[in-house]
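Visitor: Have a look at this one.
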There are 2 protein chains.
Amino acid sequence: MVAVGIWAKRDDMIVHQAEPYNAEPVRAALAGRMLTPVESFYARNHGPIPLIDPDTWRLRVDGLVERDLDLSLADLRRRFTPRTLTITLQCAGNRRSGLIGVRDIPGEHPWGPGATSTAEWTGVSLAEVLRAAGPRDPAAHVAFAAPDVSALADPPQPYGGSIPLAKALAGEVLLAWAMNGQPLPPAHGAPVRIVVPGYIGARSVKWVQRITVQDVPSGNYFQATAYRLLPAEMDPDAAGPGDGLSLGAVAVNADILRPCEGAIVSAGPVNVCGYAFAGDDRGIARVDVSVDDGRHWRQADLGEDAGPWAWRLWHSVIDVPPGQREIIARAWDTCAAVQPESAVHLWNPKGYVNNSWARLRITAR
Amino acid sequence: MVAVGIWAKRDDMIVHQAEPYNAEPVRAALAGRMLTPVESFYARNHGPIPLIDPDTWRLRVDGLVERDLDLSLADLRRRFTPRTLTITLQCAGNRRSGLIGVRDIPGEHPWGPGATSTAEWTGVSLAEVLRAAGPRDPAAHVAFAAPDVSALADPPQPYGGSIPLAKALAGEVLLAWAMNGQPLPPAHGAPVRIVVPGYIGARSVKWVQRITVQDVPSGNYFQATAYRLLPAEMDPDAAGPGDGLSLGAVAVNADILRPCEGAIVSAGPVNVCGYAFAGDDRGIARVDVSVDDGRHWRQADLGEDAGPWAWRLWHSVIDVPPGQREIIARAWDTCAAVQPESAVHLWNPKGYVNNSWARLRITAR
């Protein structure tokens, strides 16, 4: 196992940090594509990226199970049914930059709208693997552990997290070894990662090597202390395990991918496009676009419906009068939940879940 | 079967219409009670209330099933496993009055925050009954039909609706014959009604007499045309089947039950309480209260967690300075979705899904 720390800066990636490697694609790299190319897929890491030999990699399944499992990659492929699902991952910190515009959030990456990407993931269903192990009472959560030791954790520890057993058994959670038909690269979890559709990306643990069925959520720092929505008034340095709201399924969100922020366009019809996403098995029901601060809305056309686990691309042609304008977009999910209008009221000390209306300034001449 | 049209006006009920009978409890009748007494439970009807002899009532299950069923109430009780669940029902028009404050909504009842109530429902799982019938391909929806002919429908027709098969098979949907330990009264669906936890009340079809498994949603007026969220610019009279967003699972919502609207209180600590609810299996994670238009929030104390299908009561003691004040409350669900701040941006032609921040004016002296 070797840590990799050198990454070329690419024109279409915004690298927030080289080590650990944290980068998001620019808006244009996501625009109009259902699947994000592997080299443009956002990367969120908390420690050095491990290089793991797929031939010696083993997965241990233990805890509240009838029988422990010890599986090689060949075992996974042979004993279980391979499947491919189109799944969007979205970082809980996606669009944090909009919260930083309200008030500073020290020590956190200023993610724009690109901390989300979509791929076709191939692997086997976690549910099938768990059934082979046989969860037993009082099983209620499934914890994942990886080997990448994070110095960000207090104390430093390997990355981990958990999901409720019901979600783990629902069928759509994958142990994936390929994305977009290619073997996972190290930066995305090679040889095998967890992919939890509809949940914040933090639960899709990369380089997974141990799965433990247990009665309580993972006690790992990244489950118990980080990735929790703290109330605005709380000092994040004083927050400990269990404070705030544990983030799991993703709230409805959307952003604009074209035109560019600050673009100068001809007044008149302007092409606008973007993505919208809602967690769990909720879909996107409608996307509205406005150029008059929400006084009037135009319904955008929704693109392909690639199933409940994928984002919905949208586009619209909207008439922009001359002047400095703000294009606004908001999405409604299939529960008729709509994005709240202002980031001001969503500000929180760690900068999670900015799902306020998407706003993008342009000048029309 | 006899229609009942005479209802005594009760002090703790606001009767929007005598025939069909539509009434909601006043705030105080809901405050501080996990279970709503049967006589205070909101009533939403679209036609005359049928009086059905429980001894002759039959339930037909047909459509895409291996075998049709024809069940009496005694059959239901004997062949399947009785269960009791605490379930909140919430009308899609709950809190419509807040939207009417933005712009008029002709022809719709001005429901306040009382078009929601909670009971312990006893019956059998719809899933168990459907398994006895054996859904077969391409089953995808389960339609419910009742005998109450509604003149509101175009054309006039018995009330009906449907839910996705996956929801119907999830176990929590009941064929209920009792609420709060009492046989259902006629106004609440005697002898047997559907109760769909986490969905708008419209899908909990009363007086159900036929359940049809089918490949498409119900074509009934109340599924195909009504109970759909139309875009603000649409003429509701021009809306036809399939227009707008079909309402199913409920978006996060909350309201304040004490103090009274317009109350005059002593400046200083004021007791505030209310309810919060999120649909599907989402829970309430947090409720915030503010008296300075959302600049500062205080977290409310959450009451008993009665499971994923019940509302969460909350209360707080908040310091109110002298003057005319607005108490604001907002809830966050377990997906970290929060209520949007303003009803202005939620206005829609039929007045559904007002889940904007709860606001209540008082005067502190």
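Ordering of the structure tokens sets the chain letters (A, B, ...), residue numbers begin anew at 1 in every chain, and ligands are numbered from 1 in the order given.
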Residues near Pro217 (chain A), anyone? I mean within 12 Å using only C-alpha atoms, not counting same-chain ones fewer than 4 positions away, as a PyMOL selection string.
Guide: chain A and resi 139-144+160-165+203+212-213+221-225+241-242+246+248
Visitor: Specify as a list in words all residues of chain A found within 7 Å of chain B, counting only C-alpha atoms.
Guide: Leu245, Leu247, Gly248, Ala249, Val250, Ala251, Ala285, Cys335, Ala336, Ala337, Gln339, Pro340 and Glu341 of chain A
Visitor: Can you write out the residues you just picked, keeping N, CA and C atoms, as a compact mmCIF listing (two decimals), in the first residue's frame?
Guide:
# COMPACT_ATOMS: atom_id res chain seq x y z
N LEU A 245 -27.19 17.29 13.47
CA LEU A 245 -28.03 16.38 12.70
C LEU A 245 -27.13 15.53 11.81
N LEU A 247 -26.00 13.60 8.78
CA LEU A 247 -26.43 13.71 7.38
C LEU A 247 -26.43 12.35 6.71
N GLY A 248 -27.51 12.05 6.02
CA GLY A 248 -27.63 10.80 5.29
C GLY A 248 -28.21 11.07 3.91
N ALA A 249 -29.51 10.85 3.76
CA ALA A 249 -30.17 11.11 2.48
C ALA A 249 -30.08 12.60 2.16
N VAL A 250 -29.98 12.90 0.88
CA VAL A 250 -29.70 14.24 0.39
C VAL A 250 -31.00 15.02 0.16
N ALA A 251 -31.04 16.27 0.61
CA ALA A 251 -32.19 17.15 0.35
C ALA A 251 -32.15 17.63 -1.10
N ALA A 285 -39.22 16.54 -9.85
CA ALA A 285 -40.53 16.68 -10.50
C ALA A 285 -40.59 17.91 -11.39
N CYS A 335 -41.73 14.79 -3.70
CA CYS A 335 -42.54 15.05 -2.50
C CYS A 335 -43.07 16.48 -2.51
N ALA A 336 -42.85 17.22 -3.60
CA ALA A 336 -43.21 18.64 -3.68
C ALA A 336 -42.41 19.49 -2.70
N ALA A 337 -41.25 18.98 -2.28
CA ALA A 337 -40.32 19.82 -1.51
C ALA A 337 -39.53 20.66 -2.51
N GLN A 339 -36.49 23.85 -3.10
CA GLN A 339 -35.33 24.47 -2.46
C GLN A 339 -35.72 25.77 -1.77
N PRO A 340 -35.19 26.03 -0.59
CA PRO A 340 -35.43 27.33 0.06
C PRO A 340 -34.70 28.44 -0.68
N GLU A 341 -35.23 29.67 -0.55
CA GLU A 341 -34.71 30.73 -1.43
C GLU A 341 -33.34 31.26 -1.03
Visitor: Extract, using only C-alpha atoms, all DNA, RNA and protein residues at most 12 Å from Ile327 (chain A), discarding same-chain residues fewer than 4 positions from it, and format them as a ChimeraX atom specification.
Guide: /A:255-263,270-274,288-294,296-298,316-321,357-364
Visitor: Report as number ranges by chain: the residues of region 287-329 of chain A with a DSSP assignment of strand (DSSP E or B), based on the backbone of this structure.
Guide: A: 287-290, 298-299, 301-302, 312-320, 323-329
Visitor: Print the selection's residues with C-alpha atoms to a file, as a PDB file, in the first residue's frame.
Guide:
ATOM      1  CA  VAL A 287     -37.266  22.845 -12.255  1.00  0.00           C
ATOM      2  CA  ASP A 288     -38.135  26.549 -12.492  1.00  0.00           C
ATOM      3  CA  VAL A 289     -35.969  29.351 -13.892  1.00  0.00           C
ATOM      4  CA  SER A 290     -36.386  33.081 -13.215  1.00  0.00           C
ATOM      5  CA  ARG A 298     -40.443  29.440 -16.423  1.00  0.00           C
ATOM      6  CA  GLN A 299     -40.490  25.667 -16.210  1.00  0.00           C
ATOM      7  CA  ASP A 301     -37.364  21.033 -19.802  1.00  0.00           C
ATOM      8  CA  LEU A 302     -36.169  17.982 -17.921  1.00  0.00           C
ATOM      9  CA  ARG A 312     -31.875  15.063 -13.677  1.00  0.00           C
ATOM     10  CA  LEU A 313     -30.307  17.407 -16.183  1.00  0.00           C
ATOM     11  CA  TRP A 314     -32.483  20.334 -17.300  1.00  0.00           C
ATOM     12  CA  HIS A 315     -32.349  23.147 -19.789  1.00  0.00           C
ATOM     13  CA  SER A 316     -34.371  26.183 -20.729  1.00  0.00           C
ATOM     14  CA  VAL A 317     -34.274  29.152 -23.063  1.00  0.00           C
ATOM     15  CA  ILE A 318     -35.062  32.249 -21.055  1.00  0.00           C
ATOM     16  CA  ASP A 319     -35.514  35.790 -22.278  1.00  0.00           C
ATOM     17  CA  VAL A 320     -32.961  38.060 -20.581  1.00  0.00           C
ATOM     18  CA  GLY A 323     -28.521  44.809 -17.880  1.00  0.00           C
ATOM     19  CA  GLN A 324     -26.910  42.994 -14.982  1.00  0.00           C
ATOM     20  CA  ARG A 325     -29.142  40.031 -14.224  1.00  0.00           C
ATOM     21  CA  GLU A 326     -29.299  37.128 -11.866  1.00  0.00           C
ATOM     22  CA  ILE A 327     -30.477  33.826 -13.295  1.00  0.00           C
ATOM     23  CA  ILE A 328     -32.209  31.789 -10.597  1.00  0.00           C
ATOM     24  CA  ALA A 329     -33.126  28.118 -10.685  1.00  0.00           C
TER      25      ALA A 329
END
Visitor: If we count only C-alpha atoms and set the cut-off at 9 Å, which residues sit around Met34 (chain B), ignoring sequence neighbours fewer than 5 positions away in its own chain? Please answer as a list of chain:residue names.
Guide: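 With the cut-off at 9 Å, the set is B:Ser117, B:Thr118, B:Ala119, B:Gly303, B:Glu304, B:Ala306, B:Ala310, B:Trp311, B:Arg312, B:Leu313.
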Visitor: Take CA of Leu174 (chain B) and CA of Val196 (chain B) and report the distance between them in Å, one decimal.
Guide: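 Rounded to one decimal, the two atoms are 6.7 Å apart.
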Visitor: Got a sec to tell me which of region 111-325 of chain A DSSP assigns to alpha helix (DSSP H), as a list in words?
Guide: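 Secondary structure check on region 111-325 of chain A, alpha helix (DSSP H): Leu126, Ala127, Glu128, Val129, Leu130, Arg131, Ala132, Ala133, Leu165, Ala166, Lys167, Ala168, Tyr221, Phe222, Gln223 and Ala224 of chain A.
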Visitor: Measuring between only C-alpha atoms, which one of B:Pro186, B:Gly32, B:Gly134, B:Gly112 shows the shortest distance to Met13 (chain B)?
Guide: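 Nearest to Met13 (chain B): B:Gly112.
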Visitor: When you count only C-alpha atoms, which of these residues is closest to Val192 (chain A): A:Arg131, A:Arg78, A:Arg103, A:Arg58?
Guide: A:Arg58
Visitor: Can you pull out every residue within 8 Å of Val205 (chain B), counting only C-alpha atoms, but drop anything in the same chain fewer than 6 positions away, and send it as a list of chain:residue names?
Guide: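 Using only C-alpha atoms, the neighbours found are B:Phe144, B:Ala145, B:Ala146, B:Tyr159, B:Gly160, B:Gly161, B:Gly189, B:Arg193, B:Ile194, B:Val195.
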Visitor: Emit the selected residues as a compact mmCIF listing (two decimals), in the first residue's frame, including N, CA, C and O atoms.
Guide:
# COMPACT_ATOMS: atom_id res chain seq x y z
N PHE B 144 -57.59 2.58 -5.22
CA PHE B 144 -58.64 2.41 -4.22
C PHE B 144 -59.91 3.10 -4.72
O PHE B 144 -59.84 4.22 -5.24
N ALA B 145 -61.05 2.46 -4.53
CA ALA B 145 -62.31 3.10 -4.93
C ALA B 145 -63.29 3.06 -3.78
O ALA B 145 -63.36 2.08 -3.02
N ALA B 146 -64.04 4.16 -3.66
CA ALA B 146 -65.01 4.34 -2.59
C ALA B 146 -66.37 4.59 -3.22
O ALA B 146 -66.47 4.85 -4.42
N TYR B 159 -65.21 8.78 -5.21
CA TYR B 159 -63.85 9.16 -4.85
C TYR B 159 -62.90 7.98 -5.07
O TYR B 159 -63.24 6.82 -4.83
N GLY B 160 -61.69 8.29 -5.51
CA GLY B 160 -60.68 7.25 -5.69
C GLY B 160 -59.28 7.83 -5.72
O GLY B 160 -59.10 9.05 -5.71
N GLY B 161 -58.30 6.96 -5.75
CA GLY B 161 -56.91 7.38 -5.82
C GLY B 161 -56.03 6.16 -5.87
O GLY B 161 -56.53 5.02 -5.85
N GLY B 189 -64.61 7.01 7.71
CA GLY B 189 -64.42 5.92 6.76
C GLY B 189 -65.02 4.58 7.12
O GLY B 189 -64.66 3.58 6.50
N ARG B 193 -61.23 1.90 6.06
CA ARG B 193 -60.59 2.86 5.19
C ARG B 193 -59.14 2.46 4.96
O ARG B 193 -58.56 1.69 5.73
N ILE B 194 -58.57 3.05 3.93
CA ILE B 194 -57.14 2.96 3.71
C ILE B 194 -56.45 4.03 4.56
O ILE B 194 -56.97 5.15 4.67
N VAL B 195 -55.31 3.72 5.15
CA VAL B 195 -54.47 4.73 5.79
C VAL B 195 -53.06 4.58 5.22
O VAL B 195 -52.43 3.54 5.39
Visitor: Separation of CA of Val124 (chain A) and CA of Ala170 (chain B), in Å?
Guide: 23.6 Å
Visitor: Report the distance between CA of Ala331 (chain B) and CA of Thr116 (chain B) in Å, rounded to one decimal place.
Guide: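 Computed distance, CA of Ala331 (chain B) to CA of Thr116 (chain B), equals 15.9 Å.
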Visitor: Set the distance at 9 Å and use only C-alpha atoms: which residues neighbour Leu130 (chain A) once local chain neighbours fewer than 6 positions away are removed? I'd like the list as a PyMOL selection string.
Guide: chain A and resi 61+65+168-169+213
Visitor: Between B:Val173, B:Ala151, B:Ala28, B:Ala239, which one has atoms that come closest to Ser204 (chain B), using only C-alpha atoms?
Guide: B:Val173
Visitor: Would you pick out the contacts of Pro106 (chain A) at 9 Å or less, using only C-alpha atoms, so that residues sharing its chain but fewer than 2 positions from it are not included, and give the list as a PyMOL selection string?
Guide: chain A and resi 100+104+108-109+349-350
Visitor: Write the residues of the selection above to a file with C-alpha atoms, as an mmCIF file, in the first residue's frame.
Guide:
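Contents of the output file result15.cif:
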data_model
loop_
_atom_site.group_PDB
_atom_site.id
_atom_site.type_symbol
_atom_site.label_atom_id
_atom_site.label_comp_id
_atom_site.auth_asym_id
_atom_site.auth_seq_id
_atom_site.Cartn_x
_atom_site.Cartn_y
_atom_site.Cartn_z
ATOM 1 C CA ILE A 100 -19.248 31.327 2.737
ATOM 2 C CA ASP A 104 -16.862 32.790 6.643
ATOM 3 C CA GLU A 108 -13.427 23.978 5.005
ATOM 4 C CA HIS A 109 -12.996 23.776 1.239
ATOM 5 C CA PRO A 349 -20.693 26.317 11.091
ATOM 6 C CA LYS A 350 -19.369 23.440 8.945
#
Visitor: Of the candidates A:Leu89, A:Leu64, A:Val216, A:Ala31, which shows the shortest atom-to-atom distance to Gly201 (chain A), using only C-alpha atoms?
Guide: A:Leu89
